[in-house]
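Peer 1: model_20.cif is reproduced below (mmCIF, C-alpha atoms).
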```cif
data_protein
loop_
_atom_site.label_atom_id
_atom_site.label_comp_id
_atom_site.auth_asym_id
_atom_site.auth_seq_id
_atom_site.Cartn_x
_atom_site.Cartn_y
_atom_site.Cartn_z
CA MET A 1 116.15 81.52 93.17
CA GLY A 2 113.61 79.29 91.49
CA ARG A 3 113.93 76.50 89.00
CA PHE A 4 116.61 77.06 86.34
CA ASP A 5 117.90 79.79 88.66
CA GLN A 6 115.03 82.06 87.76
CA PRO A 7 114.08 84.68 90.35
CA VAL A 8 110.96 83.98 92.41
CA LEU A 9 108.12 86.38 93.10
CA ASP A 10 105.46 85.61 95.71
CA PHE A 11 101.93 86.51 94.59
CA TRP A 12 99.80 87.00 97.69
CA TYR A 13 96.15 86.92 96.74
CA GLU A 14 92.76 86.80 98.46
CA PHE A 15 89.78 85.23 96.71
CA ALA A 16 87.44 87.93 98.02
CA SER A 17 89.48 90.69 96.34
CA THR A 18 88.47 92.18 93.00
CA TYR A 19 91.94 93.45 92.20
CA SER A 20 93.36 90.01 92.99
CA TYR A 21 91.14 88.69 90.18
CA VAL A 22 92.61 91.16 87.70
CA ALA A 23 96.15 90.39 88.82
CA ALA A 24 95.59 86.61 88.77
CA MET A 25 94.46 86.75 85.16
CA ARG A 26 97.47 88.80 84.06
CA ILE A 27 100.30 87.27 86.04
CA GLU A 28 101.26 84.28 83.89
CA ALA A 29 101.95 86.34 80.79
CA MET A 30 103.96 88.77 82.88
CA ALA A 31 105.95 85.97 84.52
CA SER A 32 106.95 84.45 81.23
CA ARG A 33 107.88 87.84 79.77
CA HIS A 34 110.21 88.51 82.71
CA SER A 35 111.41 84.92 83.19
CA VAL A 36 110.32 85.03 86.80
CA VAL A 37 108.80 82.10 88.72
CA VAL A 38 105.59 83.05 90.52
CA ARG A 39 104.55 81.37 93.75
CA TRP A 40 100.81 81.66 94.29
CA ARG A 41 100.21 82.41 97.97
CA PRO A 42 96.57 82.43 99.10
CA PHE A 43 95.83 84.17 102.39
CA LEU A 44 92.89 85.74 104.22
CA LEU A 45 92.44 89.47 104.58
CA GLY A 46 89.67 89.05 107.16
CA PRO A 47 91.94 88.58 110.18
CA ILE A 48 94.17 91.45 109.00
CA PHE A 49 91.17 93.75 108.60
CA SER A 50 89.81 92.66 111.98
CA ALA A 51 93.12 93.50 113.62
CA GLN A 52 92.67 97.12 112.56
CA GLY A 53 89.07 97.25 113.68
CA TRP A 54 87.25 96.61 110.40
CA THR A 55 84.33 94.22 110.33
CA THR A 56 84.04 94.15 106.54
CA SER A 57 85.86 95.37 103.44
CA PRO A 58 86.84 99.05 103.40
CA PHE A 59 84.92 99.18 100.11
CA ASN A 60 81.76 98.57 102.13
CA LEU A 61 82.78 100.70 105.10
CA TYR A 62 83.46 103.71 102.87
CA PRO A 63 80.73 103.95 100.20
CA ALA A 64 82.48 106.50 97.95
CA LYS A 65 85.55 104.27 97.89
CA GLY A 66 83.37 101.27 97.14
CA ARG A 67 81.48 102.91 94.28
CA TYR A 68 84.79 103.98 92.80
CA MET A 69 86.31 100.52 93.11
CA TRP A 70 83.50 98.83 91.19
CA ARG A 71 83.73 101.34 88.39
CA ASP A 72 87.52 101.10 88.35
CA VAL A 73 87.50 97.30 88.21
CA GLU A 74 84.97 97.42 85.39
CA ARG A 75 87.28 99.76 83.45
CA LEU A 76 90.33 97.59 84.17
CA CYS A 77 88.56 94.46 82.98
CA ARG A 78 87.69 96.25 79.77
CA ASP A 79 91.30 97.38 79.33
CA PHE A 80 92.69 93.89 79.98
CA GLU A 81 89.91 92.14 78.07
CA LEU A 82 88.65 90.23 81.09
CA ALA A 83 85.08 89.19 81.71
CA PHE A 84 83.47 91.15 84.51
CA ARG A 85 80.23 90.65 86.36
CA ARG A 86 79.67 92.15 89.78
CA PRO A 87 78.59 89.49 92.28
CA ARG A 88 75.58 90.27 94.46
CA GLU A 89 77.50 89.57 97.63
CA PHE A 90 80.76 91.32 98.49
CA PRO A 91 83.10 90.42 99.99
CA GLN A 92 82.50 86.69 99.77
CA ASN A 93 83.70 84.25 102.37
CA SER A 94 86.89 82.84 100.87
CA LEU A 95 87.90 80.41 103.61
CA LEU A 96 87.03 77.17 101.82
CA ALA A 97 88.47 78.31 98.48
CA ALA A 98 91.71 79.42 100.14
CA ARG A 99 92.13 76.08 101.91
CA LEU A 100 91.53 74.26 98.63
CA ALA A 101 94.06 76.48 96.88
CA LEU A 102 96.64 75.54 99.53
CA ILE A 103 95.96 71.84 98.98
CA GLY A 104 96.22 72.47 95.24
CA ALA A 105 99.49 74.36 95.59
CA ALA A 106 101.07 71.23 97.07
CA GLU A 107 99.55 69.02 94.37
CA GLY A 108 100.19 71.09 91.27
CA TRP A 109 96.67 72.31 90.48
CA GLY A 110 96.60 75.40 92.72
CA GLU A 111 96.95 78.02 90.00
CA ALA A 112 94.40 76.52 87.63
CA PHE A 113 91.96 76.22 90.53
CA ALA A 114 92.57 79.78 91.69
CA LYS A 115 92.01 81.25 88.25
CA ALA A 116 88.81 79.25 87.78
CA VAL A 117 87.49 80.46 91.14
CA PHE A 118 88.27 84.08 90.26
CA VAL A 119 86.56 83.77 86.87
CA ALA A 120 83.47 82.22 88.48
CA GLU A 121 83.33 84.97 91.08
CA PHE A 122 84.11 88.16 89.18
CA GLY A 123 83.81 87.09 85.55
CA GLU A 124 80.44 85.37 86.06
CA GLY A 125 79.25 86.96 89.30
CA ARG A 126 78.82 83.65 91.10
CA GLU A 127 79.00 82.83 94.78
CA ILE A 128 82.25 81.07 95.60
CA SER A 129 81.80 80.75 99.34
CA ARG A 130 79.85 77.51 99.05
CA PRO A 131 80.93 73.94 98.27
CA GLU A 132 78.22 73.82 95.55
CA ALA A 133 80.19 76.43 93.60
CA LEU A 134 83.64 74.99 94.26
CA GLY A 135 82.82 71.36 93.59
CA PRO A 136 82.22 71.74 89.83
CA ILE A 137 85.46 73.70 89.50
CA LEU A 138 87.39 70.84 91.09
CA THR A 139 85.58 68.29 88.95
CA ALA A 140 86.35 70.25 85.79
CA LEU A 141 90.02 70.01 86.74
CA GLY A 142 89.70 66.23 86.87
CA LEU A 143 89.85 66.10 90.66
CA ASP A 144 87.80 64.27 93.29
CA ALA A 145 85.63 67.16 94.46
CA GLY A 146 83.93 65.33 97.32
CA ALA A 147 87.17 64.14 98.87
CA LEU A 148 88.87 67.50 98.49
CA LEU A 149 85.97 69.47 99.94
CA ALA A 150 85.84 67.11 102.90
CA ARG A 151 89.56 67.50 103.42
CA ALA A 152 89.37 71.30 103.16
CA ARG A 153 86.76 71.30 105.92
CA THR A 154 88.48 68.94 108.31
CA ASP A 155 92.23 68.62 107.70
CA GLU A 156 93.90 70.38 110.62
CA ALA A 157 97.22 70.65 108.80
CA VAL A 158 95.55 72.57 105.97
CA LYS A 159 93.73 74.88 108.38
CA SER A 160 96.93 75.57 110.19
CA ARG A 161 98.85 76.23 106.95
CA LEU A 162 96.32 78.89 105.99
CA LYS A 163 96.58 80.45 109.41
CA SER A 164 100.36 80.53 109.13
CA ALA A 165 100.20 82.00 105.64
CA THR A 166 97.96 84.81 106.88
CA GLU A 167 100.30 85.48 109.78
CA GLU A 168 103.24 85.51 107.40
CA ALA A 169 101.42 87.99 105.16
CA GLN A 170 100.82 90.25 108.11
CA SER A 171 104.45 90.03 109.18
CA LEU A 172 105.50 91.05 105.66
CA GLY A 173 103.56 94.28 106.12
CA ILE A 174 100.61 93.21 103.98
CA PHE A 175 97.38 95.16 104.61
CA GLY A 176 95.41 94.58 101.37
CA ALA A 177 95.45 92.43 98.24
CA PRO A 178 96.93 91.52 95.89
CA ASN A 179 100.61 91.83 96.75
CA PHE A 180 103.90 90.87 95.18
CA VAL A 181 106.89 90.16 97.39
CA THR A 182 110.38 89.74 96.00
CA GLU A 183 113.06 87.43 97.34
CA ASP A 184 114.77 90.41 99.00
CA GLY A 185 111.53 91.25 100.83
CA GLU A 186 110.33 94.18 98.74
CA LEU A 187 106.55 94.54 98.98
CA PHE A 188 104.44 95.80 96.09
CA TRP A 189 100.74 96.27 96.78
CA GLY A 190 98.02 96.20 94.17
CA ASN A 191 97.43 95.09 90.63
CA ASP A 192 98.82 98.53 89.69
CA ARG A 193 102.28 97.54 90.92
CA MET A 194 102.65 94.31 88.97
CA ASP A 195 105.01 95.79 86.38
CA GLU A 196 107.30 97.32 88.99
CA ALA A 197 107.31 94.11 91.05
CA PHE A 198 108.36 91.96 88.11
CA ALA A 199 110.99 94.47 87.03
CA TRP A 200 112.37 94.46 90.57
CA ALA A 201 112.31 90.65 90.81
CA ALA A 202 114.06 90.34 87.46
CA GLY A 203 116.74 92.77 88.56
CA GLN A 204 115.69 95.52 86.19
CA GLY A 205 113.88 97.64 88.78
CA GLN A 206 114.98 100.90 90.32
CA ARG A 207 116.09 100.19 93.86
CA PRO A 208 116.27 103.00 96.36
CA ALA A 209 118.03 102.05 99.59
CA ARG A 210 115.76 100.87 102.39
CA MET A 211 114.27 103.73 104.31
CA PRO A 212 114.58 103.83 108.08
CA ARG A 213 111.25 102.77 109.52
CA MET B 1 86.21 121.85 75.62
CA GLY B 2 89.23 124.02 76.44
CA ARG B 3 91.18 126.51 74.42
CA PHE B 4 91.68 125.58 70.75
CA ASP B 5 88.90 123.02 71.35
CA GLN B 6 91.20 120.80 73.34
CA PRO B 7 89.55 118.51 75.88
CA VAL B 8 89.78 119.55 79.53
CA LEU B 9 90.81 117.38 82.46
CA ASP B 10 90.35 118.54 86.05
CA PHE B 11 93.30 117.72 88.31
CA TRP B 12 92.04 117.62 91.89
CA TYR B 13 94.99 117.80 94.25
CA GLU B 14 95.64 118.23 97.97
CA PHE B 15 98.90 119.78 99.18
CA ALA B 16 99.11 117.33 102.09
CA SER B 17 99.10 114.34 99.74
CA THR B 18 102.31 112.58 98.72
CA TYR B 19 100.81 111.06 95.58
CA SER B 20 99.50 114.50 94.58
CA TYR B 21 103.13 115.63 94.59
CA VAL B 22 104.15 112.87 92.19
CA ALA B 23 101.17 113.58 89.92
CA ALA B 24 101.73 117.34 89.96
CA MET B 25 105.30 116.91 88.77
CA ARG B 26 104.28 114.62 85.90
CA ILE B 27 101.09 116.19 84.65
CA GLU B 28 102.39 118.92 82.33
CA ALA B 29 104.35 116.53 80.16
CA MET B 30 101.36 114.20 80.01
CA ALA B 31 99.00 117.06 79.10
CA SER B 32 101.12 118.22 76.22
CA ARG B 33 101.59 114.65 74.96
CA HIS B 34 97.81 114.14 74.86
CA SER B 35 96.87 117.72 73.82
CA VAL B 36 94.62 118.00 76.85
CA VAL B 37 94.13 121.16 78.90
CA VAL B 38 94.55 120.56 82.63
CA ARG B 39 92.67 122.60 85.21
CA TRP B 40 94.44 122.54 88.56
CA ARG B 41 91.80 122.20 91.29
CA PRO B 42 93.07 122.47 94.86
CA PHE B 43 90.80 121.09 97.57
CA LEU B 44 91.01 119.86 101.15
CA LEU B 45 90.79 116.21 102.10
CA GLY B 46 90.40 117.01 105.80
CA PRO B 47 86.64 117.65 105.70
CA ILE B 48 86.12 114.57 103.51
CA PHE B 49 88.11 112.39 105.91
CA SER B 50 86.26 113.89 108.89
CA ALA B 51 82.93 113.05 107.30
CA GLN B 52 83.88 109.38 107.37
CA GLY B 53 85.13 109.55 110.93
CA TRP B 54 88.87 109.92 110.38
CA THR B 55 90.77 112.44 112.45
CA THR B 56 93.98 112.16 110.44
CA SER B 57 95.33 110.55 107.29
CA PRO B 58 94.60 106.83 106.82
CA PHE B 59 98.38 106.48 106.46
CA ASN B 60 98.65 107.45 110.11
CA LEU B 61 95.56 105.57 111.25
CA TYR B 62 96.80 102.31 109.69
CA PRO B 63 100.55 101.96 110.33
CA ALA B 64 101.20 99.12 107.84
CA LYS B 65 99.51 101.16 105.12
CA GLY B 66 101.55 104.19 106.13
CA ARG B 67 104.90 102.37 106.12
CA TYR B 68 104.08 100.98 102.70
CA MET B 69 103.08 104.40 101.33
CA TRP B 70 106.38 106.03 102.30
CA ARG B 71 108.36 103.25 100.70
CA ASP B 72 106.16 103.29 97.61
CA VAL B 73 106.47 107.06 97.17
CA GLU B 74 110.23 106.79 97.56
CA ARG B 75 110.29 104.15 94.77
CA LEU B 76 108.00 106.23 92.54
CA CYS B 77 110.16 109.32 92.96
CA ARG B 78 113.17 107.25 91.97
CA ASP B 79 111.33 105.93 88.90
CA PHE B 80 110.15 109.39 87.82
CA GLU B 81 113.42 111.09 88.75
CA LEU B 82 111.84 113.33 91.36
CA ALA B 83 113.53 114.61 94.49
CA PHE B 84 112.15 113.02 97.64
CA ARG B 85 112.60 113.86 101.28
CA ARG B 86 110.12 112.73 103.87
CA PRO B 87 108.90 115.68 105.97
CA ARG B 88 108.89 115.28 109.74
CA GLU B 89 105.24 116.17 110.00
CA PHE B 90 102.53 114.35 108.06
CA PRO B 91 99.98 115.27 106.98
CA GLN B 92 100.70 118.99 106.95
CA ASN B 93 98.01 121.62 107.28
CA SER B 94 97.40 122.70 103.71
CA LEU B 95 94.73 125.35 104.28
CA LEU B 96 96.83 128.43 103.61
CA ALA B 97 98.60 126.91 100.61
CA ALA B 98 95.28 125.79 99.09
CA ARG B 99 93.78 129.26 99.47
CA LEU B 100 96.86 130.80 97.85
CA ALA B 101 96.64 128.30 95.00
CA LEU B 102 93.04 129.36 94.39
CA ILE B 103 94.07 133.02 94.26
CA GLY B 104 96.87 132.02 91.91
CA ALA B 105 94.55 130.01 89.67
CA ALA B 106 92.57 133.19 88.97
CA GLU B 107 95.76 135.22 88.40
CA GLY B 108 97.75 132.82 86.26
CA TRP B 109 100.42 131.69 88.75
CA GLY B 110 98.53 128.84 90.42
CA GLU B 111 100.34 125.94 88.79
CA ALA B 112 103.85 127.35 89.28
CA PHE B 113 103.00 128.03 92.92
CA ALA B 114 101.53 124.57 93.45
CA LYS B 115 104.57 122.81 92.02
CA ALA B 116 106.94 124.92 94.12
CA VAL B 117 104.95 124.09 97.28
CA PHE B 118 105.01 120.37 96.50
CA VAL B 119 108.77 120.44 95.83
CA ALA B 120 109.41 122.28 99.10
CA GLU B 121 107.26 119.80 101.01
CA PHE B 122 108.15 116.42 99.57
CA GLY B 123 111.30 117.16 97.58
CA GLU B 124 112.99 119.08 100.41
CA GLY B 125 111.02 117.86 103.42
CA ARG B 126 110.00 121.35 104.51
CA GLU B 127 106.95 122.52 106.47
CA ILE B 128 104.49 124.19 104.16
CA SER B 129 101.76 124.89 106.68
CA ARG B 130 103.31 128.18 107.77
CA PRO B 131 103.47 131.59 106.10
CA GLU B 132 107.26 131.60 106.67
CA ALA B 133 107.53 128.70 104.20
CA LEU B 134 105.02 130.02 101.67
CA GLY B 135 106.22 133.64 101.59
CA PRO B 136 109.57 132.90 99.92
CA ILE B 137 107.81 130.75 97.30
CA LEU B 138 105.53 133.66 96.40
CA THR B 139 108.46 136.07 96.37
CA ALA B 140 110.43 133.79 94.06
CA LEU B 141 107.50 133.94 91.65
CA GLY B 142 107.78 137.74 91.61
CA LEU B 143 104.65 138.22 93.73
CA ASP B 144 103.87 140.39 96.74
CA ALA B 145 104.07 137.74 99.44
CA GLY B 146 102.88 139.94 102.32
CA ALA B 147 99.77 141.10 100.53
CA LEU B 148 98.88 137.64 99.26
CA LEU B 149 99.34 135.96 102.64
CA ALA B 150 97.17 138.59 104.25
CA ARG B 151 94.52 138.07 101.61
CA ALA B 152 94.64 134.28 101.97
CA ARG B 153 93.99 134.69 105.69
CA THR B 154 91.17 137.21 105.49
CA ASP B 155 89.45 137.26 102.09
CA GLU B 156 86.03 135.72 102.64
CA ALA B 157 85.49 135.11 98.93
CA VAL B 158 88.68 133.00 98.78
CA LYS B 159 87.72 131.04 101.89
CA SER B 160 84.33 130.36 100.44
CA ARG B 161 85.75 129.29 97.07
CA LEU B 162 87.89 126.68 98.79
CA LYS B 163 84.91 125.46 100.76
CA SER B 164 82.88 125.15 97.56
CA ALA B 165 85.70 123.36 95.77
CA THR B 166 85.91 120.80 98.57
CA GLU B 167 82.14 120.29 98.47
CA GLU B 168 82.30 119.90 94.70
CA ALA B 169 85.06 117.30 95.10
CA GLN B 170 82.93 115.36 97.55
CA SER B 171 79.91 115.51 95.23
CA LEU B 172 82.07 114.10 92.43
CA GLY B 173 82.69 111.02 94.58
CA ILE B 174 86.23 112.01 95.57
CA PHE B 175 87.55 110.29 98.71
CA GLY B 176 91.34 110.66 98.32
CA ALA B 177 93.95 112.48 96.25
CA PRO B 178 94.99 113.10 93.57
CA ASN B 179 92.09 112.69 91.16
CA PHE B 180 91.45 113.32 87.51
CA VAL B 181 87.92 114.09 86.35
CA THR B 182 86.98 114.21 82.68
CA GLU B 183 84.40 116.52 81.09
CA ASP B 184 81.92 113.62 81.00
CA GLY B 185 82.35 113.12 84.74
CA GLU B 186 84.59 110.05 84.76
CA LEU B 187 86.63 109.90 87.97
CA PHE B 188 90.15 108.47 88.09
CA TRP B 189 91.76 108.27 91.51
CA GLY B 190 95.48 108.22 92.16
CA ASN B 191 98.71 108.99 90.42
CA ASP B 192 98.47 105.41 89.10
CA ARG B 193 95.48 106.36 86.95
CA MET B 194 97.00 109.36 85.19
CA ASP B 195 97.59 107.51 81.91
CA GLU B 196 94.05 106.14 81.76
CA ALA B 197 92.56 109.53 82.65
CA PHE B 198 94.40 111.31 79.86
CA ALA B 199 93.57 108.59 77.36
CA TRP B 200 89.91 108.88 78.34
CA ALA B 201 89.95 112.70 78.16
CA ALA B 202 91.63 112.59 74.75
CA GLY B 203 88.99 110.15 73.50
CA GLN B 204 91.38 107.21 73.23
CA GLY B 205 90.27 105.47 76.43
CA GLN B 206 88.22 102.30 76.77
CA ARG B 207 84.75 103.34 77.88
CA PRO B 208 82.49 100.78 79.48
CA ALA B 209 78.92 102.03 79.91
CA ARG B 210 78.09 103.55 83.27
CA MET B 211 77.28 100.96 85.89
CA PRO B 212 74.05 101.27 87.86
CA ARG B 213 74.91 102.65 91.29
#
```
I need this file expressed as structure tokens, please.
Peer 2:
Amino acid sequence: MGRFDQPVLDFWYEFASTYSYVAAMRIEAMASRHSVVVRWRPFLLGPIFSAQGWTTSPFNLYPAKGRYMWRDVERLCRDFELAFRRPREFPQNSLLAARLALIGAAEGWGEAFAKAVFVAEFGEGREISRPEALGPILTALGLDAGALLARARTDEAVKSRLKSATEEAQSLGIFGAPNFVTEDGELFWGNDRMDEAFAWAAGQGQRPARMPR
Amino acid sequence: MGRFDQPVLDFWYEFASTYSYVAAMRIEAMASRHSVVVRWRPFLLGPIFSAQGWTTSPFNLYPAKGRYMWRDVERLCRDFELAFRRPREFPQNSLLAARLALIGAAEGWGEAFAKAVFVAEFGEGREISRPEALGPILTALGLDAGALLARARTDEAVKSRLKSATEEAQSLGIFGAPNFVTEDGELFWGNDRMDEAFAWAAGQGQRPARMPR
């Protein structure tokens, strides 16, 4: 249980993921409505995709799926009143942003940083793979951008924490993003499952017994 | 527009698809709530999967995705109060059932047949690839099972209609199942998009302009 004995829900997100953007922008309101504490858990999909033989996003590998996704995300952003601008490059390299988000998670600015990165990327169509894009976001949060970017590039403990997080995601059965994982290990995949995940975490969800696997 | 000038929504379903089962069991109530006429459009995913190099369902090709899907469908069936029993074989060969559904669509028993097949397959875990499973369903609908099964196996016009339907699905940008396609060509993929599809069809949906493709 989280602070004040509130239930905890892990929000596993990937900066390269369009649906993670939509979920990231909605999750605070949902958390407060359900009195659930959300832990923001950045991870990388790249190694998970590689492990199943993909060299890029399935939205690039399968063009019909990709065309649909962009249209679907555009519709979702309209429904949820979120800015949307398709970036020229997809997926973007999210390594540096994810490392920064991990540093921020330990220092209390992880969520604000993550949301600002998502807005830059999919609300404004900007490139977030480069330090030139991430620096101003850090500065706007009142942080020392230069020092943090240097640390994100060199700090072995941070690198290793991101590696561990990605391995943990994989061991939880994660194969895409975003995901919500409850304290009892129930996995919900996709922005579409946010309602069910919060209901489950708050103890109001329908709970079929575990299936044999 | 449909009868009584109601809007029409095409429901593209595949008998092998678990999420098509969930959608098929929900769609009548949704249609009457929105005053939308639903056209049931059976098609085959096999040729569409083959065209992108898959020899079976992605739920088999990618085990983590498959494990998640079975758990997710079990949860959805609980939420929607639908029977659920995982069949031993997946995906099942849906060719014969799809041809029968096309015959039924022209004769007024297509929807009842489709729902009965889905219930047998995913509500009772039965094999629906074989005539022995489909015959009793036809008989229970008061139809001549022997004659219909023979026709489904031999009638070239029926075979060709199914082929055309599958090609039409592909040309609409369909890459999975189920799907909902509005009269203005808007594609919604997945049981998760049923609400949005009906709202769109009924003219209550949010409509961003078409994106350049």
Peer 1: Once the PyMOL selection byres ((chain B) within 10 of (chain A)) has been evaluated on this model, what residues remain selected, and can you format them as number ranges by chain?
Peer 2: B: 52, 61-65, 67-72, 74-79, 86, 170-176, 186-189, 192-193, 196, 205-213
Peer 1: With C-alpha atoms retained, export the selected residues as a PDB file, in the frame of the given file.
Peer 2:
```
ATOM      1  CA  GLN B  52      83.880 109.380 107.370  1.00  0.00           C
ATOM      2  CA  LEU B  61      95.560 105.570 111.250  1.00  0.00           C
ATOM      3  CA  TYR B  62      96.800 102.310 109.690  1.00  0.00           C
ATOM      4  CA  PRO B  63     100.550 101.960 110.330  1.00  0.00           C
ATOM      5  CA  ALA B  64     101.200  99.120 107.840  1.00  0.00           C
ATOM      6  CA  LYS B  65      99.510 101.160 105.120  1.00  0.00           C
ATOM      7  CA  ARG B  67     104.900 102.370 106.120  1.00  0.00           C
ATOM      8  CA  TYR B  68     104.080 100.980 102.700  1.00  0.00           C
ATOM      9  CA  MET B  69     103.080 104.400 101.330  1.00  0.00           C
ATOM     10  CA  TRP B  70     106.380 106.030 102.300  1.00  0.00           C
ATOM     11  CA  ARG B  71     108.360 103.250 100.700  1.00  0.00           C
ATOM     12  CA  ASP B  72     106.160 103.290  97.610  1.00  0.00           C
ATOM     13  CA  GLU B  74     110.230 106.790  97.560  1.00  0.00           C
ATOM     14  CA  ARG B  75     110.290 104.150  94.770  1.00  0.00           C
ATOM     15  CA  LEU B  76     108.000 106.230  92.540  1.00  0.00           C
ATOM     16  CA  CYS B  77     110.160 109.320  92.960  1.00  0.00           C
ATOM     17  CA  ARG B  78     113.170 107.250  91.970  1.00  0.00           C
ATOM     18  CA  ASP B  79     111.330 105.930  88.900  1.00  0.00           C
ATOM     19  CA  ARG B  86     110.120 112.730 103.870  1.00  0.00           C
ATOM     20  CA  GLN B 170      82.930 115.360  97.550  1.00  0.00           C
ATOM     21  CA  SER B 171      79.910 115.510  95.230  1.00  0.00           C
ATOM     22  CA  LEU B 172      82.070 114.100  92.430  1.00  0.00           C
ATOM     23  CA  GLY B 173      82.690 111.020  94.580  1.00  0.00           C
ATOM     24  CA  ILE B 174      86.230 112.010  95.570  1.00  0.00           C
ATOM     25  CA  PHE B 175      87.550 110.290  98.710  1.00  0.00           C
ATOM     26  CA  GLY B 176      91.340 110.660  98.320  1.00  0.00           C
ATOM     27  CA  GLU B 186      84.590 110.050  84.760  1.00  0.00           C
ATOM     28  CA  LEU B 187      86.630 109.900  87.970  1.00  0.00           C
ATOM     29  CA  PHE B 188      90.150 108.470  88.090  1.00  0.00           C
ATOM     30  CA  TRP B 189      91.760 108.270  91.510  1.00  0.00           C
ATOM     31  CA  ASP B 192      98.470 105.410  89.100  1.00  0.00           C
ATOM     32  CA  ARG B 193      95.480 106.360  86.950  1.00  0.00           C
ATOM     33  CA  GLU B 196      94.050 106.140  81.760  1.00  0.00           C
ATOM     34  CA  GLY B 205      90.270 105.470  76.430  1.00  0.00           C
ATOM     35  CA  GLN B 206      88.220 102.300  76.770  1.00  0.00           C
ATOM     36  CA  ARG B 207      84.750 103.340  77.880  1.00  0.00           C
ATOM     37  CA  PRO B 208      82.490 100.780  79.480  1.00  0.00           C
ATOM     38  CA  ALA B 209      78.920 102.030  79.910  1.00  0.00           C
ATOM     39  CA  ARG B 210      78.090 103.550  83.270  1.00  0.00           C
ATOM     40  CA  MET B 211      77.280 100.960  85.890  1.00  0.00           C
ATOM     41  CA  PRO B 212      74.050 101.270  87.860  1.00  0.00           C
ATOM     42  CA  ARG B 213      74.910 102.650  91.290  1.00  0.00           C
TER      43      ARG B 213
END
```
Peer 1: Would you list the contacts of range 150-152 of chain B as a list in words, taking every protein, DNA or RNA residue within 8 Å and counting all atoms listed in the file, but skipping same-chain residues closer than 4 positions in sequence?
Peer 2: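 Near neighbours after the sequence-gap exclusion: Leu96, Arg99, Leu100, Ile103, Gly146, Val158 and Lys159 of chain B.
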Peer 1: Residues at most 9 Å from Val119 in chain A, counting only C-alpha atoms, excluding those fewer than 2 positions away in the same chain, as a ChimeraX atom specification?
Peer 2: /A:21,25,82-84,114-117,121-126
Peer 1: Please provide the set of residues having any atom within 8 Å of Ser17 in chain A, restricted to only C-alpha atoms, with same-chain residues fewer than 4 positions apart removed, written as a VMD selection string.
Peer 2: chain A and resid 13 21 91 177 to 178
Peer 1: Got time to write the residues from that selection, C-alpha atoms, as a compact mmCIF listing (two decimals), keeping the file's coordinate frame?
Peer 2:
```txt
# COMPACT_ATOMS: atom_id res chain seq x y z
CA TYR A 13 96.15 86.92 96.74
CA TYR A 21 91.14 88.69 90.18
CA PRO A 91 83.10 90.42 99.99
CA ALA A 177 95.45 92.43 98.24
CA PRO A 178 96.93 91.52 95.89
```
Peer 1: Kindly give the distance, in Å, that separates CA of Lys163 in chain A and CA of Asn191 in chain A, rounded to a single decimal.
Peer 2: 23.8 Å
